[in-house]
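What follows is one structure encoded as structure tokens, with my remarks underneath.
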Amino acid sequence: MTTNANLQQTPEQTTTAADRARGDTPKAADTRTPLIEMQAVDKHFGNVVALSNISLKVYAGEVMCLLGDNGAGKSTLIKTLSGVHAPTHGELLLEGNPANFTSPGQALDAGIATVFQDLAMIPLMSITRNFFMGREPTKGFGPFKYVDWEFADRVAREEMAKIGIDVRDPSQPVGTLSGGERQCVAIARAVYFGAKVLILDEPTSALGVKQASKVLRYIAQARNRGLGVIFITHNVHHAYPIGDAFTLLKRGTSLGSWRKEDITREEVLNMMAGGEEMASLDAELAEFQRTDSASVA
Amino acid sequence: MYKVEPLATSPNSHRRMPRLRRAIASLTTALLAVSVANAAWAAETERYVMITHGQNSDPFWSVVKRGADDAAEELGVEVEYRAPSTFDMAKMAQLLDAAVASKPDGLIISLTDADALGKGIKNAVDQQIPVITINSGGDKSKEVGAQLHIGQSEYEAGRGAAERMVESGAKHGLCINQEQGNVGLDARCAGFIKGFDGSASELATSTDPTEIKNSLVAYLNQHSEVDAILALGPLGSEPMLKAMQEAGATQKFQLGTFDLSPDILAAIQSGEMNFAIDQQQYLQGYLPVVFMHQYHIHGLMPAGDVATGPGFVTAENAGQVIELSEQGIR
Amino acid sequence: MTDHTISAVPAADDERLRRVHPLKAALKRPEFGAIAGTILVFAFFSVAASGTGMFSLAGILNFLEVSAQLGILAIAASLLMIGGEFDLSLGSMIGFAGILIAIPAVQYGWPLWLAITFAFACAVLIGWINGYLVMRTGLPSFIVTLGFLFILRGLAIGLTRLTTGRTQVSGLQEIADHDWLAPFFSGEVFTGLFSWMAAQGWIATNFAGNPSVTGVPVSIVWWIVLAAAATWLLLYTRFGNWIFACGGDVNAARNVGVPVMKVKILLFIFTAVAATIFACLQVMDTGSADTTRGLLKELEAIIAVVIGGALLTGGYGSAVGAVFGALIFGTVQMGIFYTGVNTDWFKVFLGAMLLIAVLFNNYVRKKALEAK
């Protein structure tokens, strides 16, 4: 795991997690260039503000966990990163250079691969055909160009073997694989085709414990190869063991970013559950009660 | 227009919606004005509606429509041609009801099914709309209250074709029916089989030319006794002719067909086909419009039904017919 | 990040792969059920029509020609259905394409090759419009092409009545005799071989006493060539993989960069072109074009594709399956004339046989998939 010593300087031990949030202000001492960076990104749909002032950084060889409840703006954020939406304000930097993607294809070409939770694989098609979908290796020339399935089968089998999934027959339909294995095929595909940044949309949320750990193990593998991973989830138990950094989203805004060593699992959990929000809710409820009794009187 | 008045001034009804009431009133006024104008215009131009079961794509009916169009142009009247897009009696009955509701000066209809259409026609007659039936249903025409029938008896025409073939020495006939369930076509086949004294059969096919051709070949390979074939229209006769040409058998069979097309006429002229039965259906479109017009202006109408066919087209008169056929008149 | 070099594969993997028996692999192909259904249909007729000449050379070519013409449509429809779309305007396109050939050639005296090329160009345009509308509006192709079912049929009738005053245009026979492009769509092939065989007395005579077979109808050649090309396309090209991807899951396909719009529009174009090939074959064969041609062919093509093992929901199927689906359809359709069943019962017989073939096909496919 590559962690940066500069980021470990926590000024005070007694502050709350929120106080320690680094947000987007880079430490002067941090010399690394993030693989991908969002600077104060806003996304509006008409007069709906879907994202507001989001900043985050993902470094090579690190897993950035993006945590948030439903409606926190996770999917809008993914779509902005993967080129489906252009940001209304703010900028997207790829290895330090401004990047303006107008289509998912451009993002893909730039090495940003997105693996969607349920839209990654086509169950009726074989593993190989899924693996190489859209990027089939061809042989021959002109009108006699054909897909080299032999090569493709071999690669698919090998890549799957590398992540510990034993595929007996790569021409078997993806539908015969378990949910976790399907996610792994999708990730392996992205890795094989040279992704630098991997965006994983809830890869573990529909999986059982065993399947999920399989996927998490593979995410760790991808990180160790030097990829930057953005891992979107609402499950802290999946995120905490593997994350190097955490960003919490709430209603389109960022609650802050933390290095792993700056925050404990409990603190993350508490913020996810909205500890402070809960406190204010309590107060609000009390207020309601008061006004109610007042009106009765 | 004064009919509108009570509505507009009634103080109690629709108390809370004077604007809507006013809107309804003015709309009704406008509608009345339009219909009055319409009536005035209709008094100048006679309007007849022709409803047939023939889809516009049927070569036969395109000639009928041509006859009606020509008559309309010559007489300066208006003829609306309406037909269901498939052979569908229920739809035809709906077209009929719609036509009656539009109050034409006369109704011309092919009476394919007296049960389905009889009620609608009687309804028209009750409303003083004169009706002429054409093409099919000659036996039911008077029953439903039509003034006149113009057409040919399908049954008799089929029998006539068979008798002509028997005279020339045919022993066993085959009738190709590409639209089983069509009363007219079924009657032709029935008459044909009767004309052979029962020594004939019916071959039901689809309307696809390749399927007609190949099923005919398959059938003939199975039934060597057949020596005379009748097709019920160009849809059936062209594949029949093709099958005979491919097998080199045009001289081994007596070949006849209903209706005409340039290819059929060419085949008759060259002797590949023996005859075609023509209903002279141009007249089935032309005459009813003329009669309607006469009835409208002078109250004149022929007393007896008009038989436009069967007319036989053979090698002798084919040449003359070809010319007319090219103009879409025969 | 990986490079594309291949690391050493454990030998055990390869060995295990070979253990999948080729027969078992064949069982899992979508067309397997259709082939089984075909065998059932042939078995039925070899009993019900034994000694009738249905399986003589002439009889075989007879039902093959009907199957071939439907097969040409079914192959194109199968690609489109695997790609997740329908084309209900297929049948009307046949009628319209026939008119597009006949009117310029007969009424305006165009050379036939030019008229045929014109019809194909129009087919490409109509296919493109169909595809573009479906993709752009996001409406189900069922609805969009249903619109074109009426529009094209209506255009065929309207244009023909406008220019000729009739609904049938004949007189193409003589024109076709002197054209260089016409032989691709008319007549027979291998006629030399067959006349030699007839001279040897190997070919039976027909009802008229002439050799029953003089050649193989050209439509059968089209059928085989298109089937081979479509199979190659589906199984061995990138485009083929994209077709499966589009039909399987449009979003997944789009996410990995498959040009979905392009793929689907091309499939619609191919369907329209196949309809035009069908139209050419019939126009050359009958020497006339008729506005009613191709009535209900869209349904027959879809039936053939489904018998062939494709899913109505897309993403699964094969061109070979469509070939066998069409073969079942054509065989049953012509077979009734050999069984001696009164043709009044034609449609009952056809429907019942098709239902039995599909049920059997379904049963066999389930068994085959269980047997893995």
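Just so we're on the same page: first chain in the structure tokens is A, next is B, and so on; residues restart at 1 for each chain, and ligands are numbered from 1 in the order they show up.
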
Run DSSP on the backbone and grab whatever in stretch 5-240 of chain B lands in strand (DSSP E); send it over as a VMD selection string. chain B and resid 47 to 51 78 to 82 106 to 110 131 to 135 148 to 151 173 to 177 200 to 204 228 to 231

Residue neighbourhood A:Thr102, 10 Å, only C-alpha atoms, exclusion window fewer than 6 positions, as a ChimeraX atom specification: /A:80,82-86

Output for the residues just chosen: C-alpha atoms as a PDB file, in the first residue's frame:
ATOM      1  CA  THR A  80     -19.377  13.385 -14.861  1.00  0.00           C
ATOM      2  CA  SER A  82     -16.842   9.032 -17.175  1.00  0.00           C
ATOM      3  CA  GLY A  83     -17.748  11.658 -19.746  1.00  0.00           C
ATOM      4  CA  VAL A  84     -21.541  11.170 -19.892  1.00  0.00           C
ATOM      5  CA  HIS A  85     -22.153  14.655 -18.451  1.00  0.00           C
ATOM      6  CA  ALA A  86     -19.964  17.681 -18.806  1.00  0.00           C
TER       7      ALA A  86
END

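Residue nearest C:Gln69, chosen from C:Leu234, C:Ile82, C:Val106, C:Ile277 and counting only C-alpha atoms: C:Ile277.
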
Give me the residues within 8 Å of stretch 201-207 of chain C as an NGL selection string, counting only C-alpha atoms and dropping any in the same chain fewer than 2 places off. (:B and (220-221 or 224 or 247)) or (:C and (57 or 197-199 or 209-213))

Proximity of chain C to chain B: per-residue shortest pair, 7 Å limit, only C-alpha atoms, as a Markdown table:
| residue | atom | partner | partner_atom | distance |
| --- | --- | --- | --- | --- |
| C:Thr52 | CA | B:Gln222 | CA | 6.6 |
| C:Asn62 | CA | B:Asn214 | CA | 5.9 |
| C:Val66 | CA | B:Glu211 | CA | 6.2 |
| C:Ile157 | CA | B:Ser57 | CA | 5.5 |
| C:Gly165 | CA | B:Gly328 | CA | 5.9 |
| C:Arg166 | CA | B:Ser62 | CA | 5.5 |
| C:Thr167 | CA | B:Pro59 | CA | 4.9 |
| C:Gln168 | CA | B:Pro59 | CA | 5.9 |
| C:Ser170 | CA | B:Asp263 | CA | 6.2 |
| C:Gly171 | CA | B:Asp263 | CA | 6.6 |
| C:Asn206 | CA | B:Asn221 | CA | 6.6 |
| C:Phe207 | CA | B:Asn221 | CA | 5.3 |
| C:Ala208 | CA | B:Ala249 | CA | 5.3 |
| C:Asn210 | CA | B:Ala247 | CA | 6.6 |
| C:Thr286 | CA | B:Pro239 | CA | 6.5 |
| C:Thr291 | CA | B:Ser57 | CA | 5.7 |
| C:Thr292 | CA | B:Ser57 | CA | 6.3 |
| C:Arg293 | CA | B:Asp208 | CA | 6.6 |
| C:Gly294 | CA | B:Asp208 | CA | 6.8 |
| C:Met334 | CA | B:Ser215 | CA | 5.9 |
| C:Phe337 | CA | B:Tyr219 | CA | 5.6 |
| C:Tyr338 | CA | B:Gln222 | CA | 6.6 |
| C:Thr343 | CA | B:Ala204 | CA | 5.3 |
| C:Asp344 | CA | B:Ala204 | CA | 6.2 |

Using only C-alpha atoms, which residues sit within 8 Å of B:Arg82 once same-chain residues fewer than 2 positions away are excluded, as a list in words? Val49, Met50, Ile51, Thr52, Glu80, Pro84 and Leu95 of chain B

Write the residues you've just listed into a file as a JSON list (two decimals), in the first residue's frame, and include N, CA and C atoms for each of them.
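What follows is the written file selection-v6.json:
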[["chain", "number", "residue", "atom", "x", "y", "z"],
["B", 49, "VAL", "N", -71.25, 7.68, -53.20],
["B", 49, "VAL", "CA", -70.21, 6.91, -52.52],
["B", 49, "VAL", "C", -70.22, 5.49, -53.07],
["B", 50, "MET", "N", -69.04, 5.01, -53.44],
["B", 50, "MET", "CA", -68.91, 3.63, -53.94],
["B", 50, "MET", "C", -68.09, 2.85, -52.92],
["B", 51, "ILE", "N", -68.71, 1.79, -52.40],
["B", 51, "ILE", "CA", -68.01, 0.96, -51.42],
["B", 51, "ILE", "C", -67.84, -0.43, -52.00],
["B", 52, "THR", "N", -66.60, -0.91, -52.03],
["B", 52, "THR", "CA", -66.38, -2.26, -52.56],
["B", 52, "THR", "C", -65.51, -3.03, -51.59],
["B", 80, "GLU", "N", -66.92, 9.04, -54.41],
["B", 80, "GLU", "CA", -65.91, 8.68, -53.41],
["B", 80, "GLU", "C", -65.78, 7.17, -53.40],
["B", 84, "PRO", "N", -62.24, -1.52, -47.72],
["B", 84, "PRO", "CA", -61.41, -1.91, -46.57],
["B", 84, "PRO", "C", -60.03, -2.38, -47.04],
["B", 95, "LEU", "N", -67.71, 1.03, -43.00],
["B", 95, "LEU", "CA", -67.57, 2.02, -44.08],
["B", 95, "LEU", "C", -68.95, 2.41, -44.60]]

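Between chain C and the residues A:Thr88, A:Asn97, A:Gln106, A:Thr33, the shortest atom-to-atom distance, using only C-alpha atoms, involves A:Gln106.
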
Using only C-alpha atoms, which protein or nucleic acid residues come within 8 Å of B:His172? Drop anything in the same chain fewer than 6 positions from it, and give the result as a ChimeraX atom specification. /B:196,199-200,225-228

Output as a ChimeraX atom specification the set of chain C residues within 6 Å of chain A, with distances taken over only C-alpha atoms. /C:1-2,236-238,248,252,256-258

Would you return as JSON, numbers by chain the members of stretch 30-238 of chain A that DSSP assigns to helix (DSSP H, G or I) on this structure's backbone? {"A": [74, 75, 76, 77, 78, 79, 80, 81, 104, 105, 106, 107, 108, 109, 127, 128, 129, 130, 131, 142, 143, 144, 149, 150, 151, 152, 153, 154, 155, 156, 157, 158, 159, 160, 161, 162, 174, 175, 176, 179, 180, 181, 182, 183, 184, 185, 186, 187, 188, 189, 190, 191, 192, 209, 210, 211, 212, 213, 214, 215, 216, 217, 218, 219, 220, 221, 222, 223, 224, 236, 237, 238]}

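From atom CA of C:Leu88 back to atom CA of C:Phe148, the distance works out to 7.7 Å.
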